[in-house]
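structure.cif follows (mmCIF, C-alpha atoms):
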```cif
data_query
loop_
_atom_site.label_atom_id
_atom_site.label_comp_id
_atom_site.auth_asym_id
_atom_site.auth_seq_id
_atom_site.Cartn_x
_atom_site.Cartn_y
_atom_site.Cartn_z
CA MET E 280 -42.80 49.09 5.71
CA ALA E 281 -39.82 46.74 6.08
CA SER E 282 -41.44 45.00 9.06
CA LYS E 283 -44.60 44.35 7.01
CA VAL E 284 -42.57 42.80 4.20
CA ILE E 285 -40.69 40.56 6.65
CA SER E 286 -43.92 39.51 8.38
CA ALA E 287 -45.55 38.67 5.04
CA THR E 288 -42.52 36.60 3.98
CA ILE E 289 -42.52 34.61 7.22
CA ARG E 290 -46.29 34.05 6.95
CA ARG E 291 -45.97 32.74 3.36
CA THR E 292 -43.13 30.42 4.38
CA LEU E 293 -45.07 28.97 7.29
CA THR E 294 -48.24 28.39 5.25
CA ASN E 295 -46.48 27.17 2.10
CA PRO E 296 -46.39 23.31 2.08
CA HIS E 297 -43.06 23.44 0.24
CA GLY E 298 -41.51 26.19 2.38
CA ALA E 299 -38.23 25.97 4.25
CA PHE E 300 -39.80 24.75 7.49
CA SER E 301 -41.79 21.98 5.78
CA ARG E 302 -38.56 20.13 5.02
CA CYS E 303 -38.53 18.76 8.55
CA ARG E 304 -41.23 16.20 7.76
CA HIS E 305 -39.19 14.80 4.86
CA LEU E 306 -36.11 14.09 6.96
CA SER E 307 -35.86 10.31 7.13
CA THR E 308 -33.89 7.44 5.68
CA ALA E 309 -33.90 6.90 1.95
CA ALA E 310 -36.41 4.07 2.39
CA ALA E 311 -39.13 6.57 3.27
CA ALA E 312 -39.05 7.89 -0.29
CA THR E 313 -40.86 4.81 -1.56
CA ALA E 314 -43.27 4.58 1.36
CA VAL E 315 -44.86 8.01 0.82
CA ASN E 316 -46.82 9.15 -2.20
CA TYR E 317 -45.57 12.57 -3.31
CA GLU E 318 -47.51 12.72 -6.58
CA ASP E 319 -49.54 15.67 -5.33
CA GLU E 320 -46.50 17.42 -3.85
CA SER E 321 -44.18 18.53 -6.60
CA ILE E 322 -40.94 20.18 -5.51
CA LEU E 323 -39.10 22.93 -7.38
CA MET E 324 -35.39 23.13 -6.57
CA LYS E 325 -32.64 24.79 -8.61
CA GLY E 326 -35.02 25.16 -11.55
CA VAL E 327 -35.92 21.45 -11.63
CA ARG E 328 -39.45 20.30 -10.77
CA ILE E 329 -39.85 16.73 -9.52
CA SER E 330 -42.84 14.87 -8.12
CA GLY E 331 -41.27 14.38 -4.69
CA ARG E 332 -38.03 13.63 -2.89
CA PRO E 333 -35.93 11.37 -5.12
CA LEU E 334 -34.65 7.92 -4.21
CA TYR E 335 -31.18 8.20 -2.69
CA LEU E 336 -28.62 6.07 -4.50
CA ASP E 337 -25.48 8.17 -4.10
CA MET E 338 -23.85 6.45 -1.13
CA GLN E 339 -20.29 7.07 -2.36
CA ALA E 340 -20.89 10.83 -2.10
CA THR E 341 -22.21 10.52 1.44
CA THR E 342 -24.38 8.28 3.59
CA PRO E 343 -27.36 9.18 5.77
CA ILE E 344 -26.45 9.28 9.43
CA ASP E 345 -27.44 6.12 11.28
CA PRO E 346 -30.09 6.94 13.93
CA ARG E 347 -27.99 5.08 16.51
CA VAL E 348 -25.03 7.32 15.69
CA PHE E 349 -27.26 10.37 16.03
CA ASP E 350 -28.43 9.17 19.46
CA ALA E 351 -24.82 8.81 20.63
CA MET E 352 -23.95 12.30 19.38
CA ASN E 353 -27.08 13.83 20.88
CA ASP E 354 -26.37 12.32 24.28
CA SER E 355 -22.77 13.54 24.11
CA THR E 356 -23.89 17.05 23.14
CA ILE E 357 -26.00 17.29 26.28
CA HIS E 358 -23.63 15.68 28.78
CA GLU E 359 -20.07 16.03 27.39
CA TYR E 360 -19.89 19.66 26.36
CA GLY E 361 -16.56 20.42 28.01
CA ASN E 362 -13.36 21.11 26.09
CA PRO E 363 -11.59 17.73 25.80
CA HIS E 364 -8.26 19.51 26.29
CA SER E 365 -9.26 21.14 29.62
CA ARG E 366 -7.27 19.14 32.15
CA THR E 367 -8.28 20.94 35.34
CA HIS E 368 -11.92 19.92 35.85
CA MET E 369 -14.45 17.15 35.35
CA TYR E 370 -16.12 18.66 32.28
CA GLY E 371 -12.86 18.44 30.35
CA TRP E 372 -12.16 14.93 31.67
CA GLU E 373 -15.60 13.70 30.56
CA ALA E 374 -15.16 15.08 27.05
CA GLU E 375 -11.62 13.70 26.86
CA ASN E 376 -12.88 10.27 27.90
CA ALA E 377 -15.56 10.38 25.18
CA VAL E 378 -12.90 11.19 22.57
CA GLU E 379 -10.62 8.39 23.78
CA VAL E 380 -13.46 5.85 23.67
CA ALA E 381 -14.10 6.87 20.07
CA ARG E 382 -10.39 6.54 19.31
CA ILE E 383 -10.52 2.93 20.54
CA GLN E 384 -13.62 2.25 18.41
CA VAL E 385 -11.95 3.58 15.25
CA ALA E 386 -8.71 1.69 15.97
CA LYS E 387 -10.52 -1.64 16.46
CA LEU E 388 -12.17 -1.36 13.05
CA ILE E 389 -8.78 -1.27 11.29
CA GLU E 390 -6.77 -3.47 13.71
CA ALA E 391 -4.63 -0.56 14.92
CA SER E 392 -3.54 0.87 18.25
CA PRO E 393 -5.64 3.81 19.55
CA LYS E 394 -2.40 5.79 19.83
CA GLU E 395 -2.08 5.59 16.04
CA ILE E 396 -5.40 7.37 15.37
CA ILE E 397 -5.19 11.12 14.70
CA PHE E 398 -8.60 12.84 14.43
CA MET E 399 -9.01 15.36 11.63
CA SER E 400 -11.79 17.12 9.75
CA GLY E 401 -12.09 14.39 7.13
CA ALA E 402 -10.27 12.34 4.51
CA THR E 403 -9.29 15.40 2.44
CA GLU E 404 -7.32 16.88 5.34
CA ALA E 405 -5.90 13.44 6.17
CA ASN E 406 -4.75 12.89 2.57
CA ASN E 407 -3.15 16.34 2.40
CA THR E 408 -1.41 15.79 5.73
CA ALA E 409 -0.11 12.36 4.73
CA VAL E 410 1.15 13.20 1.24
CA LYS E 411 2.61 16.63 1.96
CA GLY E 412 3.63 15.91 5.56
CA VAL E 413 5.78 12.87 4.79
CA MET E 414 7.53 14.44 1.81
CA HIS E 415 8.21 17.67 3.66
CA PHE E 416 9.72 15.79 6.61
CA TYR E 417 12.03 13.66 4.42
CA LYS E 418 12.67 16.34 1.78
CA ASP E 419 16.46 16.22 2.19
CA THR E 420 16.68 12.61 0.99
CA LYS E 421 13.34 11.82 -0.68
CA LYS E 422 12.16 13.69 -3.78
CA HIS E 423 9.82 11.22 -5.50
CA VAL E 424 6.17 10.19 -5.00
CA ILE E 425 4.24 7.39 -6.72
CA THR E 426 0.46 7.47 -7.08
CA THR E 427 -2.13 6.42 -9.67
CA GLN E 428 -4.11 8.30 -12.29
CA THR E 429 -7.39 7.28 -10.65
CA GLU E 430 -6.80 8.69 -7.17
CA HIS E 431 -9.19 11.08 -5.46
CA LYS E 432 -8.74 14.72 -6.48
CA CYS E 433 -7.31 15.73 -3.11
CA VAL E 434 -4.44 13.24 -3.49
CA LEU E 435 -3.77 14.24 -7.10
CA ASP E 436 -3.85 17.94 -6.24
CA SER E 437 -1.55 17.38 -3.25
CA CYS E 438 0.90 15.67 -5.59
CA ARG E 439 0.69 18.54 -8.07
CA HIS E 440 1.36 20.94 -5.20
CA LEU E 441 4.50 18.96 -4.37
CA GLN E 442 5.58 19.14 -8.02
CA GLN E 443 5.40 22.92 -7.82
CA GLU E 444 7.77 22.69 -4.86
CA GLY E 445 10.28 20.69 -6.89
CA PHE E 446 9.31 17.10 -6.04
CA GLU E 447 8.81 14.50 -8.78
CA VAL E 448 5.62 12.46 -9.09
CA THR E 449 4.93 9.28 -11.08
CA TYR E 450 1.25 8.85 -11.96
CA LEU E 451 0.82 5.14 -12.64
CA PRO E 452 -1.75 4.14 -15.27
CA VAL E 453 -4.22 1.41 -14.37
CA LYS E 454 -5.42 -1.60 -16.33
CA THR E 455 -8.77 -1.63 -18.10
CA ASP E 456 -10.38 -3.11 -15.00
CA GLY E 457 -9.08 -0.23 -12.86
CA LEU E 458 -6.46 -2.27 -10.98
CA VAL E 459 -2.82 -1.30 -10.57
CA ASP E 460 -0.20 -3.21 -12.55
CA LEU E 461 2.10 -4.46 -9.78
CA GLU E 462 5.07 -4.88 -12.11
CA MET E 463 4.78 -1.23 -13.16
CA LEU E 464 4.70 -0.24 -9.49
CA LYS E 465 7.92 -2.17 -8.81
CA GLU E 466 9.64 -0.56 -11.80
CA ALA E 467 8.56 2.94 -10.75
CA ILE E 468 10.18 2.77 -7.30
CA ARG E 469 13.47 4.69 -7.06
CA PRO E 470 16.06 5.11 -4.28
CA ASP E 471 14.64 8.58 -3.59
CA THR E 472 10.98 7.49 -3.55
CA GLY E 473 9.51 8.84 -0.32
CA LEU E 474 5.90 7.67 -0.58
CA VAL E 475 3.52 5.40 -2.48
CA SER E 476 -0.12 6.57 -2.26
CA ILE E 477 -2.80 4.25 -3.71
CA MET E 478 -6.45 4.28 -2.64
CA ALA E 479 -8.00 1.07 -1.33
CA VAL E 480 -11.47 1.38 -2.90
CA ASN E 481 -12.06 3.77 -5.77
CA ASN E 482 -14.82 6.28 -5.12
CA GLU E 483 -16.07 6.33 -8.72
CA ILE E 484 -15.88 2.72 -9.87
CA GLY E 485 -15.58 0.80 -6.60
CA VAL E 486 -12.62 -1.39 -7.54
CA VAL E 487 -10.63 -2.79 -4.62
CA GLN E 488 -6.87 -2.66 -5.14
CA PRO E 489 -4.63 -5.64 -4.14
CA MET E 490 -3.63 -3.96 -0.90
CA GLU E 491 -1.58 -6.75 0.64
CA GLU E 492 0.49 -7.17 -2.55
CA ILE E 493 1.08 -3.42 -2.82
CA GLY E 494 2.06 -3.27 0.86
CA ARG E 495 4.46 -6.18 0.39
CA ILE E 496 6.20 -4.43 -2.52
CA CYS E 497 6.54 -1.21 -0.52
CA LYS E 498 7.96 -3.11 2.45
CA GLU E 499 10.52 -4.89 0.26
CA HIS E 500 11.72 -1.52 -1.07
CA ASN E 501 11.46 0.23 2.33
CA VAL E 502 9.01 2.85 1.00
CA PRO E 503 6.15 4.16 3.18
CA PHE E 504 2.72 3.19 1.85
CA HIS E 505 -0.25 5.56 2.24
CA THR E 506 -3.81 4.67 1.28
CA ASP E 507 -7.00 6.68 1.05
CA ALA E 508 -9.45 4.27 2.70
CA ALA E 509 -12.44 6.61 2.91
CA GLN E 510 -14.50 4.23 0.74
CA ALA E 511 -13.07 1.08 2.35
CA ILE E 512 -13.42 1.21 6.13
CA GLY E 513 -16.62 -0.28 7.44
CA LYS E 514 -17.36 -1.82 4.04
CA ILE E 515 -14.55 -4.32 3.51
CA PRO E 516 -12.25 -5.88 6.14
CA VAL E 517 -9.30 -3.58 6.81
CA ASP E 518 -6.15 -4.64 8.65
CA VAL E 519 -3.35 -2.08 8.64
CA LYS E 520 -0.77 -4.70 9.59
CA LYS E 521 -1.71 -7.12 6.79
CA TRP E 522 -1.82 -4.24 4.33
CA ASN E 523 1.52 -2.91 5.67
CA VAL E 524 0.32 0.69 5.44
CA ALA E 525 2.23 3.44 7.18
CA LEU E 526 -0.58 5.98 6.80
CA MET E 527 -4.30 5.62 6.10
CA SER E 528 -6.99 8.28 5.60
CA MET E 529 -10.57 7.79 6.83
CA SER E 530 -13.87 9.68 6.83
CA ALA E 531 -16.95 9.31 9.06
CA HIS E 532 -19.68 10.39 6.66
CA LYS E 533 -18.99 7.50 4.27
CA ILE E 534 -20.00 4.98 6.98
CA TYR E 535 -23.25 6.54 8.28
CA GLY E 536 -21.45 8.94 10.59
CA PRO E 537 -21.38 12.75 10.72
CA LYS E 538 -19.72 15.05 8.21
CA GLY E 539 -16.75 17.14 9.22
CA VAL E 540 -14.71 14.47 10.97
CA GLY E 541 -12.23 11.80 9.88
CA ALA E 542 -8.90 10.41 10.94
CA LEU E 543 -5.39 9.64 9.80
CA TYR E 544 -3.79 6.38 10.91
CA VAL E 545 -0.09 7.03 11.56
CA ARG E 546 2.00 3.92 12.21
CA ARG E 547 4.12 3.94 15.39
CA ARG E 548 6.34 0.87 14.83
CA PRO E 549 8.30 1.21 12.67
CA ARG E 550 7.65 4.89 13.13
CA ILE E 551 6.64 7.13 10.24
CA ARG E 552 7.40 10.84 10.60
CA LEU E 553 5.54 13.75 9.01
CA GLU E 554 5.19 17.49 9.34
CA PRO E 555 1.80 18.86 10.46
CA LEU E 556 -0.16 21.18 8.17
CA MET E 557 -1.51 23.17 11.12
CA ASN E 558 0.32 24.62 14.08
CA GLY E 559 -1.11 25.58 17.44
CA GLY E 560 -1.80 23.84 20.72
CA GLY E 561 -0.16 20.60 19.70
CA GLN E 562 -3.23 18.40 20.05
CA GLU E 563 -3.40 14.94 18.44
CA ARG E 564 0.28 14.13 19.04
CA GLY E 565 1.21 17.50 17.57
CA LEU E 566 -0.10 16.50 14.14
CA ARG E 567 -3.45 18.31 14.23
CA SER E 568 -3.70 21.35 16.47
CA GLY E 569 -7.11 22.71 17.42
CA THR E 570 -9.93 21.84 19.81
CA GLY E 571 -11.35 18.45 18.95
CA ALA E 572 -14.97 18.29 17.74
CA THR E 573 -16.10 16.01 20.57
CA GLN E 574 -19.60 15.18 19.34
CA GLN E 575 -18.51 14.51 15.76
CA ILE E 576 -15.69 12.31 17.02
CA VAL E 577 -18.16 10.42 19.23
CA GLY E 578 -20.35 9.91 16.16
CA PHE E 579 -17.38 8.63 14.17
CA GLY E 580 -16.56 6.14 16.90
CA ALA E 581 -20.17 4.93 17.13
CA ALA E 582 -20.32 4.51 13.33
CA CYS E 583 -17.13 2.42 13.40
CA GLU E 584 -18.44 0.20 16.18
CA LEU E 585 -21.69 -0.39 14.27
CA ALA E 586 -19.74 -1.11 11.08
CA MET E 587 -17.72 -3.78 12.91
CA LYS E 588 -20.87 -5.49 14.12
CA GLU E 589 -22.89 -5.21 10.92
CA MET E 590 -20.33 -5.34 8.08
CA GLU E 591 -21.05 -8.95 7.19
CA TYR E 592 -24.82 -8.42 7.19
CA ASP E 593 -24.52 -5.14 5.27
CA GLU E 594 -22.39 -6.76 2.57
CA LYS E 595 -24.84 -9.62 2.12
CA TRP E 596 -27.82 -7.25 1.90
CA ILE E 597 -26.09 -4.77 -0.43
CA LYS E 598 -24.74 -7.52 -2.71
CA GLY E 599 -28.29 -8.82 -3.23
CA LEU E 600 -29.50 -5.32 -4.11
CA GLN E 601 -26.57 -4.75 -6.50
CA GLU E 602 -27.39 -7.97 -8.38
CA ARG E 603 -31.07 -7.01 -8.43
CA LEU E 604 -30.21 -3.61 -9.93
CA LEU E 605 -27.75 -4.88 -12.54
CA ASN E 606 -29.86 -7.85 -13.62
CA GLY E 607 -32.99 -5.71 -13.73
CA ILE E 608 -31.37 -3.19 -16.08
CA ARG E 609 -29.62 -5.76 -18.28
CA GLU E 610 -32.80 -7.82 -18.73
CA LYS E 611 -34.44 -4.85 -20.45
CA LEU E 612 -31.54 -2.97 -22.04
CA ASP E 613 -28.62 -3.89 -24.27
CA GLY E 614 -25.41 -1.89 -24.53
CA VAL E 615 -24.93 -1.67 -20.74
CA VAL E 616 -21.30 -1.82 -19.60
CA VAL E 617 -20.00 -2.16 -16.04
CA ASN E 618 -16.99 0.10 -15.50
CA GLY E 619 -14.23 -1.48 -13.42
CA SER E 620 -13.54 -5.00 -12.26
CA MET E 621 -16.52 -7.12 -11.18
CA ASP E 622 -14.24 -9.61 -9.40
CA SER E 623 -12.40 -7.11 -7.20
CA ARG E 624 -15.10 -4.61 -6.35
CA TYR E 625 -17.00 -3.17 -3.41
CA VAL E 626 -20.57 -4.37 -3.92
CA GLY E 627 -22.22 -1.05 -3.01
CA ASN E 628 -20.73 0.75 -6.02
CA LEU E 629 -22.14 0.05 -9.47
CA ASN E 630 -20.83 2.32 -12.23
CA LEU E 631 -22.62 1.73 -15.54
CA SER E 632 -22.29 3.21 -19.02
CA PHE E 633 -25.22 3.17 -21.45
CA ALA E 634 -24.31 3.10 -25.14
CA TYR E 635 -25.96 5.48 -27.63
CA VAL E 636 -27.27 7.82 -24.94
CA GLU E 637 -26.23 11.42 -24.27
CA GLY E 638 -24.92 11.48 -20.72
CA GLU E 639 -26.15 14.83 -19.40
CA SER E 640 -29.64 14.13 -20.79
CA LEU E 641 -29.70 10.78 -19.00
CA LEU E 642 -28.68 12.33 -15.69
CA MET E 643 -31.27 15.10 -15.98
CA GLY E 644 -33.91 12.56 -16.97
CA LEU E 645 -33.20 10.58 -13.80
CA LYS E 646 -34.13 13.50 -11.56
CA GLU E 647 -36.31 11.20 -9.43
CA VAL E 648 -33.23 9.12 -8.55
CA ALA E 649 -30.34 10.77 -6.70
CA VAL E 650 -27.31 9.37 -8.54
CA SER E 651 -24.18 10.95 -9.98
CA SER E 652 -22.01 10.70 -13.03
CA GLY E 653 -18.87 10.27 -10.93
CA SER E 654 -17.18 11.81 -7.92
CA ALA E 655 -19.18 14.46 -6.07
CA CYS E 656 -15.96 16.49 -6.00
CA THR E 657 -15.81 16.72 -9.81
CA SER E 658 -19.42 16.27 -10.94
CA ALA E 659 -19.79 20.00 -11.64
CA SER E 660 -17.51 19.55 -14.65
CA LEU E 661 -18.95 18.57 -18.04
CA GLU E 662 -15.72 16.78 -18.90
CA PRO E 663 -15.88 12.97 -18.91
CA SER E 664 -14.62 11.28 -15.76
CA TYR E 665 -10.82 11.24 -15.58
CA VAL E 666 -11.10 7.89 -13.79
CA LEU E 667 -12.98 6.29 -16.68
CA ARG E 668 -10.61 7.82 -19.21
CA ALA E 669 -7.71 6.28 -17.29
CA LEU E 670 -9.40 2.89 -17.78
CA GLY E 671 -9.41 3.49 -21.52
CA VAL E 672 -13.18 3.98 -21.72
CA ASP E 673 -14.20 5.76 -24.94
CA GLU E 674 -15.18 9.39 -24.42
CA ASP E 675 -18.78 8.83 -25.54
CA MET E 676 -19.21 5.92 -23.11
CA ALA E 677 -17.48 7.84 -20.32
CA HIS E 678 -20.01 10.63 -20.83
CA THR E 679 -22.90 8.20 -20.29
CA SER E 680 -21.71 6.72 -17.00
CA ILE E 681 -23.96 6.66 -13.97
CA ARG E 682 -22.75 5.69 -10.50
CA PHE E 683 -25.35 3.90 -8.41
CA GLY E 684 -24.46 3.83 -4.70
CA ILE E 685 -26.26 1.25 -2.57
CA GLY E 686 -26.15 1.23 1.21
CA ARG E 687 -27.39 -0.07 4.54
CA PHE E 688 -30.80 1.58 4.32
CA THR E 689 -31.52 0.98 0.62
CA THR E 690 -34.64 -1.12 0.02
CA LYS E 691 -35.68 -3.60 -2.67
CA GLU E 692 -38.55 -1.27 -3.59
CA GLU E 693 -36.10 1.56 -4.24
CA ILE E 694 -33.95 -0.66 -6.45
CA ASP E 695 -36.99 -1.78 -8.46
CA LYS E 696 -38.10 1.83 -8.91
CA ALA E 697 -34.57 2.85 -9.96
CA VAL E 698 -34.53 0.05 -12.55
CA GLU E 699 -37.91 1.17 -13.90
CA LEU E 700 -36.93 4.84 -14.16
CA THR E 701 -33.49 4.12 -15.64
CA VAL E 702 -34.84 1.76 -18.30
CA LYS E 703 -37.62 4.18 -19.18
CA GLN E 704 -35.24 7.11 -19.61
CA VAL E 705 -32.61 5.18 -21.60
CA GLU E 706 -35.29 3.83 -23.96
CA LYS E 707 -36.70 7.33 -24.38
CA LEU E 708 -33.31 8.80 -25.28
CA ARG E 709 -32.44 5.92 -27.61
CA GLU E 710 -35.67 6.47 -29.52
CA MET E 711 -34.34 9.92 -30.39
CA SER E 712 -30.84 8.64 -31.24
CA PRO E 713 -30.05 8.11 -34.95
CA LEU E 714 -26.93 6.18 -33.90
CA TYR E 715 -29.01 3.59 -32.07
CA GLU E 716 -31.26 3.20 -35.12
CA MET E 717 -28.20 2.53 -37.28
CA VAL E 718 -26.88 -0.07 -34.80
CA LYS E 719 -30.25 -1.87 -34.80
CA GLU E 720 -30.03 -2.01 -38.60
CA GLY E 721 -26.67 -3.77 -38.31
CA ILE E 722 -24.45 -0.83 -39.27
CA ASP E 723 -21.04 -0.72 -37.56
CA ILE E 724 -20.88 2.96 -36.65
CA LYS E 725 -17.21 2.76 -35.63
CA ASN E 726 -16.24 2.11 -39.24
CA ILE E 727 -18.27 5.00 -40.65
CA GLN E 728 -16.21 7.81 -42.17
CA TRP E 729 -17.99 10.97 -41.03
CA SER E 730 -17.62 14.03 -43.25
CA GLN E 731 -18.06 17.69 -42.38
CA HIS E 732 -20.19 20.08 -44.40
#
```

Same coordinates, now as structure tokens:
Amino acid sequence: MASKVISATIRRTLTNPHGAFSRCRHLSTAAAATAVNYEDESILMKGVRISGRPLYLDMQATTPIDPRVFDAMNDSTIHEYGNPHSRTHMYGWEAENAVEVARIQVAKLIEASPKEIIFMSGATEANNTAVKGVMHFYKDTKKHVITTQTEHKCVLDSCRHLQQEGFEVTYLPVKTDGLVDLEMLKEAIRPDTGLVSIMAVNNEIGVVQPMEEIGRICKEHNVPFHTDAAQAIGKIPVDVKKWNVALMSMSAHKIYGPKGVGALYVRRRPRIRLEPLMNGGGQERGLRSGTGATQQIVGFGAACELAMKEMEYDEKWIKGLQERLLNGIREKLDGVVVNGSMDSRYVGNLNLSFAYVEGESLLMGLKEVAVSSGSACTSASLEPSYVLRALGVDEDMAHTSIRFGIGRFTTKEEIDKAVELTVKQVEKLREMSPLYEMVKEGIDIKNIQWSQH
């Protein structure tokens, strides 16, 4: 009986056009979404029915793997399957060589020495290692950390973990444009400050911090400077020497590489010391024990090399698409606010708030566009973005924020479709909003005294 049930299930899956195996024909770049007509192929996933695969505009959450990166990984999987730490035979030497080539590729992208690149599982592990590792090593003399209120969750949670161990942490507020107040940073530094951790490009609002100025302040006060550069490398020019960073966290899947691999830059001169989070075979200069994921590392290296070659072209292309998106929405809608600085911003991140619209309804209405209301790490929460609240954005506007992420493979057709769908949904929700009706009639709703019944 059980075998008949299993056979019937497999048969239904294979014959069902929307079954598990049919997903293979949809695997392509985001551009394919506009090239294929899915009107007759509705998809039901997690209780939501949509007409076809949505447009992908969530590049800050992750990027599609570049086919050239995939080719490099595939070739390495076939030919370099040895353990890179096996020193007694050719298979190990080949894998080790592949890892070292990738280390050079990553180092070149950030103007570092290959010996300063420590491969890890991603930016979260790198951030944890940097923040906790430095403070644990210097715990006898350094008890204070400085960071900002808009950091990634893994940095903030690492700092809270240190607080539970008895360390003190200063969470600097940011200005309304999302940038750090440099004078406040100077005033916050103490003799026992062991680390300043400020991210280069914010994952939610895309603002680019004044890295050279921050690095200069840290150097003047002899305080190590760590930055989470997961959203920066491959997108804006990064030079660890000009920035004067002692530690820098990186991730491959933000630059069209594979998931599950990243790196921590650890400066050698002047040397920065830190305790490892993991103990074992002592790989990666003793800072990250465990067998290296050769193929993922190869993919990371290939992604970095491509980013070096194509960064200028990518920025030009993405900037044009960002302007097309913003102008297209603003031409048809009022009450649209850009969150974060427009002058100091990575062009592929456009975080917008739409006045007089209920945020969750807007996000659900945009089911044919893959966007988010903030960080993928916190989007499960119904609370407004802590990053936007730190900017002083009103709670109602913070609730209506949408982050559009534009990337290397995004097309003009996708942007035009996203504009059309966004405008249509906002207009639909505003038609049902009594607040918007009052605003159109000239009533200042902020001065209304609401009463409870």

Around (-25.5, -6.2, 3.7) in the file's own coordinates, what residues are found within 12 Å if you use only C-alpha atoms, given back as a PyMOL selection string? chain E and resi 513-515+586+588-601+625-627+685-690

With C-alpha atoms kept, could you save the residues just selected as a PDB file, in the frame of the given file?
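The result, stored in part_24.pdb:
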```pdb
ATOM      1  CA  GLY E 513     -16.620  -0.280   7.440  1.00  0.00           C
ATOM      2  CA  LYS E 514     -17.360  -1.820   4.040  1.00  0.00           C
ATOM      3  CA  ILE E 515     -14.550  -4.320   3.510  1.00  0.00           C
ATOM      4  CA  ALA E 586     -19.740  -1.110  11.080  1.00  0.00           C
ATOM      5  CA  LYS E 588     -20.870  -5.490  14.120  1.00  0.00           C
ATOM      6  CA  GLU E 589     -22.890  -5.210  10.920  1.00  0.00           C
ATOM      7  CA  MET E 590     -20.330  -5.340   8.080  1.00  0.00           C
ATOM      8  CA  GLU E 591     -21.050  -8.950   7.190  1.00  0.00           C
ATOM      9  CA  TYR E 592     -24.820  -8.420   7.190  1.00  0.00           C
ATOM     10  CA  ASP E 593     -24.520  -5.140   5.270  1.00  0.00           C
ATOM     11  CA  GLU E 594     -22.390  -6.760   2.570  1.00  0.00           C
ATOM     12  CA  LYS E 595     -24.840  -9.620   2.120  1.00  0.00           C
ATOM     13  CA  TRP E 596     -27.820  -7.250   1.900  1.00  0.00           C
ATOM     14  CA  ILE E 597     -26.090  -4.770  -0.430  1.00  0.00           C
ATOM     15  CA  LYS E 598     -24.740  -7.520  -2.710  1.00  0.00           C
ATOM     16  CA  GLY E 599     -28.290  -8.820  -3.230  1.00  0.00           C
ATOM     17  CA  LEU E 600     -29.500  -5.320  -4.110  1.00  0.00           C
ATOM     18  CA  GLN E 601     -26.570  -4.750  -6.500  1.00  0.00           C
ATOM     19  CA  TYR E 625     -17.000  -3.170  -3.410  1.00  0.00           C
ATOM     20  CA  VAL E 626     -20.570  -4.370  -3.920  1.00  0.00           C
ATOM     21  CA  GLY E 627     -22.220  -1.050  -3.010  1.00  0.00           C
ATOM     22  CA  ILE E 685     -26.260   1.250  -2.570  1.00  0.00           C
ATOM     23  CA  GLY E 686     -26.150   1.230   1.210  1.00  0.00           C
ATOM     24  CA  ARG E 687     -27.390  -0.070   4.540  1.00  0.00           C
ATOM     25  CA  PHE E 688     -30.800   1.580   4.320  1.00  0.00           C
ATOM     26  CA  THR E 689     -31.520   0.980   0.620  1.00  0.00           C
ATOM     27  CA  THR E 690     -34.640  -1.120   0.020  1.00  0.00           C
TER      28      THR E 690
END
```

Compare E:Arg603, E:Arg382, E:Lys454, E:Arg709 by their minimum atom-to-atom distance to Glu692 (chain E), counting only C-alpha atoms, and give me the closest one. E:Arg603

Run the PyMOL selection byres ((chain E and resi 572-584) around 9) mentally over the shown coordinates, then write out the matched residues as a compact mmCIF listing (two decimals) with C-alpha atoms, keeping the file's coordinate frame, using the chain letters and numbers from the document.
```txt
# COMPACT_ATOMS: atom_id res chain seq x y z
CA ILE E 344 -26.45 9.28 9.43
CA ASP E 345 -27.44 6.12 11.28
CA ARG E 347 -27.99 5.08 16.51
CA VAL E 348 -25.03 7.32 15.69
CA PHE E 349 -27.26 10.37 16.03
CA ASP E 350 -28.43 9.17 19.46
CA ALA E 351 -24.82 8.81 20.63
CA MET E 352 -23.95 12.30 19.38
CA ASN E 353 -27.08 13.83 20.88
CA ASP E 354 -26.37 12.32 24.28
CA SER E 355 -22.77 13.54 24.11
CA THR E 356 -23.89 17.05 23.14
CA GLU E 359 -20.07 16.03 27.39
CA TYR E 360 -19.89 19.66 26.36
CA GLY E 361 -16.56 20.42 28.01
CA ASN E 362 -13.36 21.11 26.09
CA PRO E 363 -11.59 17.73 25.80
CA ALA E 374 -15.16 15.08 27.05
CA GLU E 375 -11.62 13.70 26.86
CA ALA E 377 -15.56 10.38 25.18
CA VAL E 378 -12.90 11.19 22.57
CA VAL E 380 -13.46 5.85 23.67
CA ALA E 381 -14.10 6.87 20.07
CA ARG E 382 -10.39 6.54 19.31
CA ILE E 383 -10.52 2.93 20.54
CA GLN E 384 -13.62 2.25 18.41
CA VAL E 385 -11.95 3.58 15.25
CA ALA E 386 -8.71 1.69 15.97
CA LYS E 387 -10.52 -1.64 16.46
CA LEU E 388 -12.17 -1.36 13.05
CA PHE E 398 -8.60 12.84 14.43
CA SER E 400 -11.79 17.12 9.75
CA ILE E 512 -13.42 1.21 6.13
CA GLY E 513 -16.62 -0.28 7.44
CA SER E 530 -13.87 9.68 6.83
CA ALA E 531 -16.95 9.31 9.06
CA HIS E 532 -19.68 10.39 6.66
CA ILE E 534 -20.00 4.98 6.98
CA TYR E 535 -23.25 6.54 8.28
CA GLY E 536 -21.45 8.94 10.59
CA PRO E 537 -21.38 12.75 10.72
CA LYS E 538 -19.72 15.05 8.21
CA GLY E 539 -16.75 17.14 9.22
CA VAL E 540 -14.71 14.47 10.97
CA GLY E 541 -12.23 11.80 9.88
CA THR E 570 -9.93 21.84 19.81
CA GLY E 571 -11.35 18.45 18.95
CA LEU E 585 -21.69 -0.39 14.27
CA ALA E 586 -19.74 -1.11 11.08
CA MET E 587 -17.72 -3.78 12.91
CA LYS E 588 -20.87 -5.49 14.12
CA GLU E 589 -22.89 -5.21 10.92
```
